[in-house]
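Structure file input24.cif; described as mmCIF, C-alpha atoms.
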data_final
#
loop_
_atom_site.label_atom_id
_atom_site.label_comp_id
_atom_site.auth_asym_id
_atom_site.auth_seq_id
_atom_site.Cartn_x
_atom_site.Cartn_y
_atom_site.Cartn_z
CA MET A 6 -33.58 -13.62 -100.86
CA MET A 7 -34.40 -10.29 -99.13
CA LEU A 8 -30.90 -8.96 -99.83
CA CYS A 9 -31.46 -9.49 -103.55
CA GLY A 10 -34.77 -7.65 -103.20
CA LEU A 11 -32.97 -4.70 -101.59
CA LEU A 12 -30.43 -4.58 -104.42
CA ILE A 13 -33.00 -4.89 -107.22
CA ALA A 14 -35.25 -2.30 -105.56
CA THR A 15 -32.51 0.30 -105.25
CA THR A 16 -31.18 -0.20 -108.80
CA VAL A 17 -34.11 -1.17 -111.03
CA GLY A 18 -36.40 1.31 -109.28
CA ARG A 19 -34.19 4.31 -110.02
CA PRO A 20 -36.02 6.70 -112.39
CA LEU A 21 -34.92 6.45 -115.98
CA ALA A 22 -34.32 10.14 -116.23
CA ALA A 23 -31.77 9.84 -113.46
CA GLN A 24 -29.79 7.27 -115.38
CA GLN A 25 -28.56 9.59 -118.12
CA GLY A 26 -24.80 10.28 -118.49
CA SER A 27 -22.40 8.78 -115.95
CA ALA A 28 -22.79 8.83 -112.20
CA LEU A 29 -21.52 7.19 -109.02
CA ASP A 30 -24.08 6.84 -106.20
CA VAL A 31 -23.05 6.07 -102.63
CA GLY A 32 -25.52 5.97 -99.76
CA LEU A 33 -27.68 4.11 -97.29
CA SER A 34 -30.99 2.42 -98.08
CA VAL A 35 -33.74 1.23 -95.72
CA VAL A 36 -36.23 -1.14 -97.39
CA HIS A 37 -39.46 -2.63 -96.08
CA PHE A 38 -40.90 -5.82 -97.64
CA PRO A 39 -44.63 -5.97 -96.84
CA ASP A 40 -45.11 -9.60 -97.89
CA ASP A 41 -43.21 -10.83 -94.82
CA SER A 42 -43.20 -7.62 -92.73
CA THR A 43 -39.39 -7.43 -92.89
CA THR A 44 -37.26 -4.28 -92.86
CA ILE A 45 -33.55 -4.32 -93.69
CA ALA A 46 -30.95 -1.62 -94.20
CA GLY A 47 -27.50 -1.40 -95.71
CA PRO A 48 -24.96 0.73 -97.52
CA THR A 49 -25.33 0.81 -101.29
CA VAL A 50 -23.05 1.79 -104.13
CA GLY A 51 -23.90 2.03 -107.81
CA TRP A 52 -22.38 3.14 -111.09
CA SER A 53 -24.27 4.01 -114.26
CA SER A 54 -22.93 5.08 -117.64
CA ALA A 55 -24.94 5.86 -120.76
CA ILE A 56 -23.88 6.31 -124.37
CA GLU A 57 -26.30 7.98 -126.77
CA GLY A 58 -25.49 8.30 -130.47
CA HIS A 59 -27.46 9.11 -133.59
CA HIS A 60 -28.27 5.43 -134.24
CA LEU A 61 -26.79 3.50 -131.28
CA PHE A 62 -27.41 3.71 -127.54
CA GLY A 63 -26.26 1.81 -124.47
CA LEU A 64 -26.49 1.79 -120.69
CA LEU A 65 -24.39 -0.01 -118.08
CA ASN A 66 -25.48 -0.21 -114.43
CA ALA A 67 -23.48 -1.95 -111.70
CA GLY A 68 -24.34 -1.92 -108.02
CA GLY A 69 -23.75 -3.56 -104.68
CA VAL A 70 -25.38 -3.63 -101.27
CA GLY A 71 -24.36 -4.99 -97.89
CA THR A 72 -26.07 -5.71 -94.60
CA LEU A 73 -25.19 -7.69 -91.50
CA GLY A 74 -23.51 -10.91 -92.58
CA ALA A 75 -24.33 -10.71 -96.29
CA ALA A 76 -23.61 -8.83 -99.51
CA SER A 77 -24.92 -8.86 -103.06
CA GLY A 78 -24.17 -7.27 -106.42
CA SER A 79 -25.78 -6.88 -109.81
CA VAL A 80 -24.96 -5.74 -113.34
CA THR A 81 -27.35 -4.53 -116.03
CA ALA A 82 -26.15 -4.09 -119.61
CA SER A 83 -28.62 -2.77 -122.17
CA GLY A 84 -28.43 -1.18 -125.58
CA GLY A 85 -29.67 -1.20 -129.11
CA ALA A 86 -30.00 0.67 -132.37
CA ARG A 87 -32.59 2.87 -134.00
CA ALA A 88 -33.17 3.97 -137.57
CA PRO A 89 -35.82 5.89 -139.56
CA ILE A 90 -38.32 3.78 -141.49
CA ALA A 91 -40.54 6.60 -142.81
CA SER A 92 -40.61 10.38 -142.87
CA HIS A 93 -41.89 10.60 -139.27
CA LEU A 94 -41.20 7.14 -137.82
CA LEU A 95 -38.25 5.49 -136.08
CA VAL A 96 -37.80 1.79 -135.35
CA GLU A 97 -35.69 0.64 -132.44
CA GLY A 98 -34.37 -2.76 -131.43
CA GLY A 99 -32.86 -3.34 -128.01
CA GLY A 100 -31.82 -5.86 -125.43
CA GLU A 101 -31.06 -6.05 -121.72
CA LEU A 102 -29.09 -8.57 -119.67
CA PHE A 103 -29.54 -8.43 -115.89
CA GLY A 104 -27.49 -10.59 -113.51
CA ILE A 105 -27.38 -10.81 -109.73
CA ALA A 106 -25.26 -12.81 -107.29
CA GLY A 107 -24.59 -12.69 -103.56
CA SER A 108 -23.40 -14.41 -100.45
CA ALA A 109 -26.92 -15.13 -99.17
CA SER A 110 -28.70 -16.25 -102.36
CA ARG A 111 -28.24 -18.09 -105.63
CA GLY A 112 -27.37 -16.16 -108.76
CA ALA A 113 -30.04 -15.23 -111.30
CA VAL A 114 -30.00 -13.92 -114.87
CA THR A 115 -32.72 -12.21 -116.90
CA ALA A 116 -32.54 -11.52 -120.65
CA ILE A 117 -34.98 -9.11 -122.30
CA GLY A 118 -35.41 -8.33 -125.99
CA SER A 119 -37.57 -5.50 -127.31
CA ALA A 120 -38.74 -3.79 -130.48
CA ARG A 121 -40.20 -0.29 -130.49
CA VAL A 122 -41.71 2.09 -133.04
CA MET A 123 -41.53 5.83 -132.28
CA ALA A 124 -43.29 8.78 -133.88
CA PRO A 125 -41.48 11.99 -132.79
CA PHE A 126 -43.35 15.29 -132.87
CA THR A 127 -42.09 18.87 -132.52
CA ARG A 128 -41.94 18.78 -128.71
CA GLY A 129 -42.51 15.11 -127.98
CA GLY A 130 -43.80 11.96 -129.55
CA ALA A 131 -45.53 8.61 -129.11
CA TRP A 132 -44.26 5.03 -129.10
CA ALA A 133 -45.31 1.38 -128.98
CA ARG A 134 -43.10 -1.51 -127.82
CA GLY A 135 -43.18 -5.28 -127.50
CA THR A 136 -40.81 -7.31 -125.29
CA VAL A 137 -39.98 -10.94 -124.59
CA SER A 138 -38.01 -12.05 -121.54
CA ASP A 139 -36.49 -15.18 -120.04
CA SER A 140 -35.38 -15.34 -116.40
CA ARG A 141 -33.20 -18.11 -114.97
CA ARG A 142 -33.76 -18.36 -111.23
CA GLU A 143 -34.40 -21.04 -108.59
CA ALA A 144 -37.38 -22.45 -110.50
CA GLY A 145 -35.49 -22.64 -113.80
CA ALA A 146 -36.71 -20.79 -116.88
CA LEU A 147 -39.42 -18.18 -116.32
CA PRO A 148 -40.56 -16.69 -119.67
CA GLY A 149 -42.48 -13.46 -120.05
CA ALA A 150 -43.82 -11.05 -122.65
CA SER A 151 -45.36 -7.59 -122.71
CA VAL A 152 -46.79 -4.87 -124.93
CA GLU A 153 -46.51 -1.22 -123.99
CA GLY A 154 -47.40 2.16 -125.40
CA GLY A 155 -46.83 5.73 -124.36
CA ALA A 156 -46.11 9.35 -125.19
CA TRP A 157 -43.73 12.07 -124.04
CA TRP A 158 -43.62 15.87 -124.03
CA ASN A 159 -40.53 18.07 -123.76
CA LEU A 160 -40.64 21.48 -122.08
CA PRO A 161 -37.74 23.92 -121.50
CA ARG A 162 -36.96 22.51 -118.04
CA ALA A 163 -39.20 19.46 -117.85
CA ARG A 164 -39.95 16.16 -119.54
CA LEU A 165 -43.35 14.52 -119.09
CA SER A 166 -44.39 11.02 -120.15
CA ALA A 167 -47.29 8.59 -119.86
CA SER A 168 -47.31 4.82 -120.47
CA LEU A 169 -49.60 1.79 -120.39
CA LEU A 170 -48.22 -1.75 -120.00
CA ASP A 171 -49.76 -5.22 -120.39
CA GLN A 172 -47.42 -7.84 -118.86
CA HIS A 173 -47.43 -11.65 -118.88
CA ALA A 174 -44.84 -13.35 -116.65
CA HIS A 175 -44.21 -16.15 -114.15
CA ALA A 176 -43.82 -15.73 -110.39
CA GLN A 177 -41.95 -18.02 -107.99
CA ILE A 178 -43.77 -19.06 -104.79
CA PHE A 179 -41.74 -19.42 -101.60
CA THR A 180 -42.62 -20.56 -98.08
CA GLY A 181 -40.85 -20.83 -94.74
CA PRO A 182 -39.92 -18.24 -92.09
CA GLN A 183 -37.50 -16.51 -94.46
CA ARG A 184 -39.52 -17.24 -97.61
CA ASP A 185 -36.55 -19.20 -98.97
CA ARG A 186 -38.22 -22.56 -99.67
CA LEU A 187 -39.37 -22.77 -103.30
CA ILE A 188 -42.66 -24.62 -103.80
CA GLY A 189 -43.48 -23.74 -107.43
CA THR A 190 -44.41 -21.10 -109.97
CA VAL A 191 -47.62 -19.45 -111.16
CA ARG A 192 -48.58 -17.42 -114.21
CA VAL A 193 -49.23 -13.73 -113.67
CA HIS A 194 -50.95 -11.19 -115.89
CA TYR A 195 -51.35 -7.53 -114.99
CA THR A 196 -51.67 -4.07 -116.52
CA GLU A 197 -49.96 -0.87 -115.40
CA GLY A 198 -50.55 2.78 -116.12
CA ALA A 199 -47.93 5.37 -115.15
CA LEU A 200 -47.16 9.07 -115.39
CA ALA A 201 -43.58 10.36 -115.05
CA ALA A 202 -41.98 13.78 -114.85
CA HIS A 203 -38.40 15.06 -114.84
CA LEU A 204 -38.17 18.63 -113.53
CA GLU A 205 -35.00 20.67 -113.10
CA GLY A 206 -33.66 24.04 -112.03
CA ASP A 207 -30.04 25.13 -112.17
CA ALA A 208 -28.85 23.08 -109.16
CA VAL A 209 -31.76 20.76 -108.38
CA SER A 210 -33.66 18.03 -110.20
CA LEU A 211 -36.75 16.04 -109.31
CA ASP A 212 -37.82 12.74 -110.87
CA LEU A 213 -41.36 11.56 -110.18
CA LEU A 214 -43.13 8.40 -111.27
CA GLY A 215 -46.64 7.52 -110.18
CA GLY A 216 -48.99 4.84 -111.37
CA VAL A 217 -51.20 1.91 -110.56
CA ARG A 218 -51.08 -1.81 -111.33
CA ARG A 219 -54.24 -3.87 -111.85
CA ASP A 220 -53.69 -7.55 -111.04
CA PRO A 221 -56.86 -9.68 -110.66
CA ASP A 222 -54.91 -12.50 -108.97
CA ALA A 223 -53.13 -10.34 -106.39
CA GLU A 224 -54.28 -9.74 -102.81
CA HIS A 225 -55.35 -6.24 -103.82
CA LEU A 226 -56.88 -5.64 -107.25
CA TYR A 227 -55.14 -2.25 -107.55
CA ASP A 228 -51.61 -1.62 -106.27
CA PRO A 229 -50.09 1.89 -106.37
CA MET A 230 -46.58 2.66 -107.62
CA LEU A 231 -44.47 5.64 -106.60
CA VAL A 232 -40.84 6.65 -107.10
CA ALA A 233 -39.53 10.12 -106.21
CA THR A 234 -35.87 11.13 -106.38
CA ALA A 235 -34.54 14.61 -105.61
CA ALA A 236 -30.94 15.66 -106.30
CA PHE A 237 -29.41 18.83 -104.87
CA TRP A 238 -26.10 19.82 -106.46
CA THR A 239 -23.43 21.20 -104.14
CA GLY A 240 -20.94 21.49 -107.01
CA GLU A 241 -20.87 21.12 -110.79
CA THR A 242 -20.56 17.32 -110.55
CA ARG A 243 -21.59 16.51 -106.96
CA ALA A 244 -25.09 16.19 -105.52
CA PHE A 245 -26.92 15.11 -102.39
CA THR A 246 -29.78 12.69 -103.20
CA VAL A 247 -32.96 11.55 -101.46
CA SER A 248 -35.22 8.84 -102.85
CA VAL A 249 -38.49 7.31 -101.65
CA SER A 250 -40.60 4.66 -103.33
CA LYS A 251 -43.35 2.10 -103.12
CA LEU A 252 -43.30 -0.60 -105.79
CA PRO A 253 -45.23 -3.82 -106.46
CA PRO A 254 -43.32 -7.04 -107.25
CA ASP A 255 -41.04 -7.13 -110.29
CA PHE A 256 -41.81 -10.63 -111.59
CA VAL A 257 -39.51 -10.28 -114.59
CA ARG A 258 -36.34 -9.67 -112.55
CA GLY A 259 -37.44 -11.33 -109.32
CA ALA A 260 -37.94 -8.51 -106.81
CA ASP A 261 -40.53 -8.56 -104.02
CA ALA A 262 -42.93 -5.71 -103.38
CA SER A 263 -41.09 -3.05 -101.40
CA SER A 264 -41.02 0.44 -99.98
CA TRP A 265 -37.73 2.21 -99.37
CA LEU A 266 -35.96 5.35 -98.35
CA ALA A 267 -32.45 6.08 -99.65
CA VAL A 268 -30.09 8.96 -98.96
CA GLY A 269 -26.64 9.47 -100.39
CA MET A 270 -24.27 11.37 -102.63
CA ARG A 271 -23.96 11.33 -106.42
CA PHE A 272 -20.67 12.08 -108.14
CA PHE A 273 -19.59 12.83 -111.75
CA GLU A 274 -23.07 13.72 -113.02
CA SER A 275 -23.23 17.31 -114.26
CA SER A 276 -25.65 19.73 -112.64
CA PRO A 277 -28.75 20.62 -114.70
CA ALA A 278 -27.34 24.05 -115.55
CA ARG A 279 -24.06 22.56 -116.75
CA SER A 280 -25.87 19.84 -118.72
CA ARG A 281 -28.05 22.41 -120.50
CA ALA A 282 -24.98 24.46 -121.36
CA GLU A 283 -23.22 21.39 -122.77
CA ARG A 284 -26.28 20.52 -124.87
CA ALA A 285 -26.79 24.08 -126.17
CA ARG A 286 -26.18 24.65 -129.87
CA PRO A 287 -24.59 28.10 -130.22
CA ILE A 288 -25.05 30.08 -133.43
CA VAL A 289 -22.65 32.91 -134.38
CA LEU A 290 -23.82 35.78 -136.58
CA VAL A 291 -22.08 38.98 -137.78
CA SER A 292 -23.81 42.28 -138.50
CA GLY A 293 -22.63 45.73 -139.62
CA THR A 294 -20.28 47.03 -142.29
CA GLY A 295 -16.72 48.29 -142.41
CA SER A 296 -14.04 47.16 -140.00
CA GLN A 297 -16.24 47.45 -136.88
CA ARG A 298 -18.69 44.57 -136.80
CA THR A 299 -21.07 43.31 -134.11
CA LEU A 300 -20.79 39.64 -133.34
CA HIS A 301 -23.96 37.95 -132.04
CA VAL A 302 -24.16 34.50 -130.37
CA ARG A 303 -27.47 32.76 -129.75
CA ALA A 304 -27.70 29.79 -127.36
CA SER A 305 -30.96 28.79 -125.73
CA GLY A 306 -30.87 28.95 -121.93
CA ALA A 307 -27.34 30.39 -121.69
CA HIS A 308 -26.46 32.68 -118.77
CA THR A 309 -22.97 33.71 -119.93
CA ILE A 310 -21.21 33.41 -123.28
CA GLU A 311 -17.53 33.93 -124.00
CA ILE A 312 -15.82 34.02 -127.36
CA MET A 313 -12.21 33.55 -128.34
CA GLY A 314 -10.57 33.80 -131.75
CA ASP A 315 -7.74 35.19 -133.83
CA PHE A 316 -9.39 38.64 -133.69
CA THR A 317 -9.22 38.61 -129.84
CA GLY A 318 -5.60 37.47 -129.74
CA TRP A 319 -6.97 34.17 -128.42
CA GLU A 320 -8.01 35.87 -125.21
CA ALA A 321 -11.44 35.02 -123.78
CA VAL A 322 -13.93 37.88 -124.14
CA THR A 323 -17.33 37.93 -122.42
CA LEU A 324 -20.30 39.02 -124.53
CA ALA A 325 -23.07 41.25 -123.19
CA PRO A 326 -26.75 40.18 -123.20
CA GLY A 327 -28.68 41.77 -126.04
CA ALA A 328 -32.10 41.75 -127.64
CA ALA A 329 -31.26 38.72 -129.78
CA GLY A 330 -28.82 36.77 -127.62
CA PHE A 331 -25.34 37.94 -126.62
CA GLU A 332 -23.24 40.44 -128.56
CA ARG A 333 -20.14 42.61 -128.70
CA ALA A 334 -18.43 44.85 -131.23
CA PHE A 335 -15.08 43.71 -132.69
CA THR A 336 -12.66 44.86 -135.33
CA LEU A 337 -13.18 42.18 -137.98
CA THR A 338 -11.50 42.32 -141.36
CA PRO A 339 -13.21 40.61 -144.31
CA GLY A 340 -12.18 37.00 -144.74
CA THR A 341 -12.12 33.83 -142.67
CA HIS A 342 -11.50 33.91 -138.94
CA ARG A 343 -10.99 31.09 -136.45
CA VAL A 344 -13.29 31.24 -133.41
CA VAL A 345 -14.60 29.11 -130.53
CA VAL A 346 -17.42 29.69 -128.03
CA ARG A 347 -17.84 28.84 -124.33
CA ILE A 348 -21.27 28.71 -122.65
CA ASP A 349 -21.64 29.06 -118.87
CA GLY A 350 -18.03 28.07 -118.24
CA THR A 351 -18.17 24.73 -120.08
CA SER A 352 -15.65 23.60 -122.69
CA TRP A 353 -14.66 25.68 -125.72
CA ARG A 354 -16.26 24.51 -128.96
CA PRO A 355 -17.10 25.67 -132.49
CA ALA A 356 -20.50 27.21 -133.13
CA THR A 357 -23.13 25.02 -134.73
CA ASN A 358 -23.31 27.09 -137.93
CA THR A 359 -19.55 27.38 -138.57
CA PRO A 360 -17.48 24.69 -140.33
CA ALA A 361 -15.07 23.04 -137.85
CA VAL A 362 -11.40 22.24 -138.50
CA ASP A 363 -8.55 20.92 -136.38
CA ASP A 364 -6.40 23.48 -134.61
CA ASP A 365 -2.71 23.11 -133.83
CA LEU A 366 -3.32 21.87 -130.27
CA GLY A 367 -5.49 18.82 -130.91
CA GLY A 368 -8.83 20.66 -130.61
CA ARG A 369 -11.47 21.97 -133.00
CA VAL A 370 -12.18 25.55 -134.04
CA GLY A 371 -14.91 27.09 -136.17
CA LEU A 372 -14.35 29.05 -139.36
CA LEU A 373 -16.27 32.34 -139.36
CA VAL A 374 -16.56 34.00 -142.80
CA VAL A 375 -16.85 37.80 -142.68
CA PRO A 376 -17.97 39.33 -146.02
#
Structure rendered as structure tokens:
Amino acid sequence: MMLCGLLIATTVGRPLAAQQGSALDVGLSVVHFPDDSTTIAGPTVGWSSAIEGHHLFGLLNAGGVGTLGAASGSVTASGGARAPIASHLLVEGGGELFGIAGSASRGAVTAIGSARVMAPFTRGGAWARGTVSDSRREAGALPGASVEGGAWWNLPRARLSASLLDQHAHAQIFTGPQRDRLIGTVRVHYTEGALAAHLEGDAVSLDLLGGVRRDPDAEHLYDPMLVATAAFWTGETRAFTVSVSKLPPDFVRGADASSWLAVGMRFFESSPARSRAERARPIVLVSGTGSQRTLHVRASGAHTIEIMGDFTGWEAVTLAPGAAGFERAFTLTPGTHRVVVRIDGTSWRPATNTPAVDDDLGGRVGLLVVP
């Protein structure tokens, strides 16, 4: 039972902002369960992969944990679709399937369905969501439902959010020295308010989540929540991670209240600087007359920009910072030229404002029209 709590704590408790893209986490976790004053430790490994499209999205999490004489693993698959329903509204439908199994406990499965309405603004937005859930654990079916609302704000190197949740669920009651003897279930109803922040530099990121749960039937009327994860990149796709948390019980998935410390390494997730460069939308502009033209490239947050095209002999040329982005003078004859751009050493790609066509090597190049 406690081993499952360790696994759920170290996977479900990971900040959402840290679950973007693909990443492999390997480390050691030490978890304290206050309900029975037990502390356990073990190596953990987890893989997450996210897909985000214009209308479809998905996330796959798989993890495992071991301790003396026991091991456990879990898989979470979630996804959905979104579409506009009005000029400034989006509707989203999603689902999640969570499963856990191990050598020291019975398996359990939780299914969650949700519907959400979002109203994006210029730098953020607001949303409202309803969910229904059904968990299959030792006590059989444990249904639940919730309503939730929130808002988010995007800044150049930060993302802030606030949420308020009203949750109805069922909790299993255990007894015995190891709290492994099921004696029944009870209904639970609580509300949660939380604030979250994702902050990043070029080679460091910090995810913070703080909040409070109000549960009239719990031992304490108010129970604090805290999750903090820091990642320090030692390479473009390798980081050292430290995470601390204090969480109340997760009645939907079946995790006990816990506090933990985790240290480890993360692989395959791009550093913040590399991620910003990959997300940047470069724009290529041409100024001047005659054969000597100045080529300008604008890309928010870029440190270096290189350009390559038929007018450079397909040799990479670094542009110099200018008043309106990056620029350099070239001999450009009127007509259409093929060109690609590279930002901060990432992959070559066409500019956002140039039509893209296939090249002869299986890639894509932009078509730059010079009048």
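The neighbours of Val191 (chain A) here are the residues that come within 10 Å of it, using all atoms listed in the file and leaving out any residue fewer than 5 positions away in the same chain; they are A:Leu147, A:Ala174, A:His175, A:Ala176, A:Gln177, A:Ile178.
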- Message: With the PyMOL selection byres ((chain A and resi 358) around 7) as the selection, what would be picked from this file? Answer as JSON, numbers by chain, please.
- Response: {"A": [288, 289, 356, 357, 359, 360]}
- Task: Find the residue from A:Ala76, A:Leu372, A:Leu337, A:Ala116 that sits nearest to Ser138 (chain A); use all atoms listed in the file when measuring.
- Result: A:Ala116
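Against the coordinates shown, the PyMOL selection byres ((chain A and resi 312-315) around 8) returns Ile310, Glu311, Phe316, Thr317, Gly318, Trp319, Glu320, Ala321, Val322, Thr323, Leu324, His342, Arg343, Val344, Val345, Val346 and Arg347 of chain A.
Rounded to one decimal, CA of Ala233 (chain A) and CA of Ser250 (chain A) lie 6.3 Å from each other.
For the file at hand, the PyMOL selection byres ((chain A and resi 87) around 9) resolves to His59, His60, Leu61, Phe62, Gly85, Ala86, Ala88, Pro89, Leu95, Val96, Glu97, Gly98, Gly99 and Arg121 of chain A.
Counting only C-alpha atoms, Ser83 (chain A) has the following residues at most 7 Å away, ignoring those fewer than 5 positions along the same chain: Gly63, Leu64, Leu65, Gly100, Glu101 and Leu102 of chain A.
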- Note on the structure: Correct to one decimal, the distance CA of Ala325 (chain A)-CA of Arg286 (chain A) is 18.2 Å
- Task: Identify the residues within 9 Å of coordinate (-39.4, 17.0, -109.5) (same frame as the file), considering all atoms listed in the file, and give the answer as a VMD selection string.
- Result: chain A and resid 163 202 to 205 209 to 213 233 to 235
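The space separating CA of Thr81 (chain A) from CA of Gly149 (chain A) comes to 18.0 Å.
Counting all atoms listed in the file and comparing A:Ala131, A:Val247, A:Leu94, A:Ser280, the residue that lies closest to Leu266 (chain A) is A:Val247.
When only C-alpha atoms are used to measure the gap to Phe256 (chain A), the shortest distance among A:Gly306, A:Pro277, A:Pro221, A:Pro148 belongs to A:Pro148.
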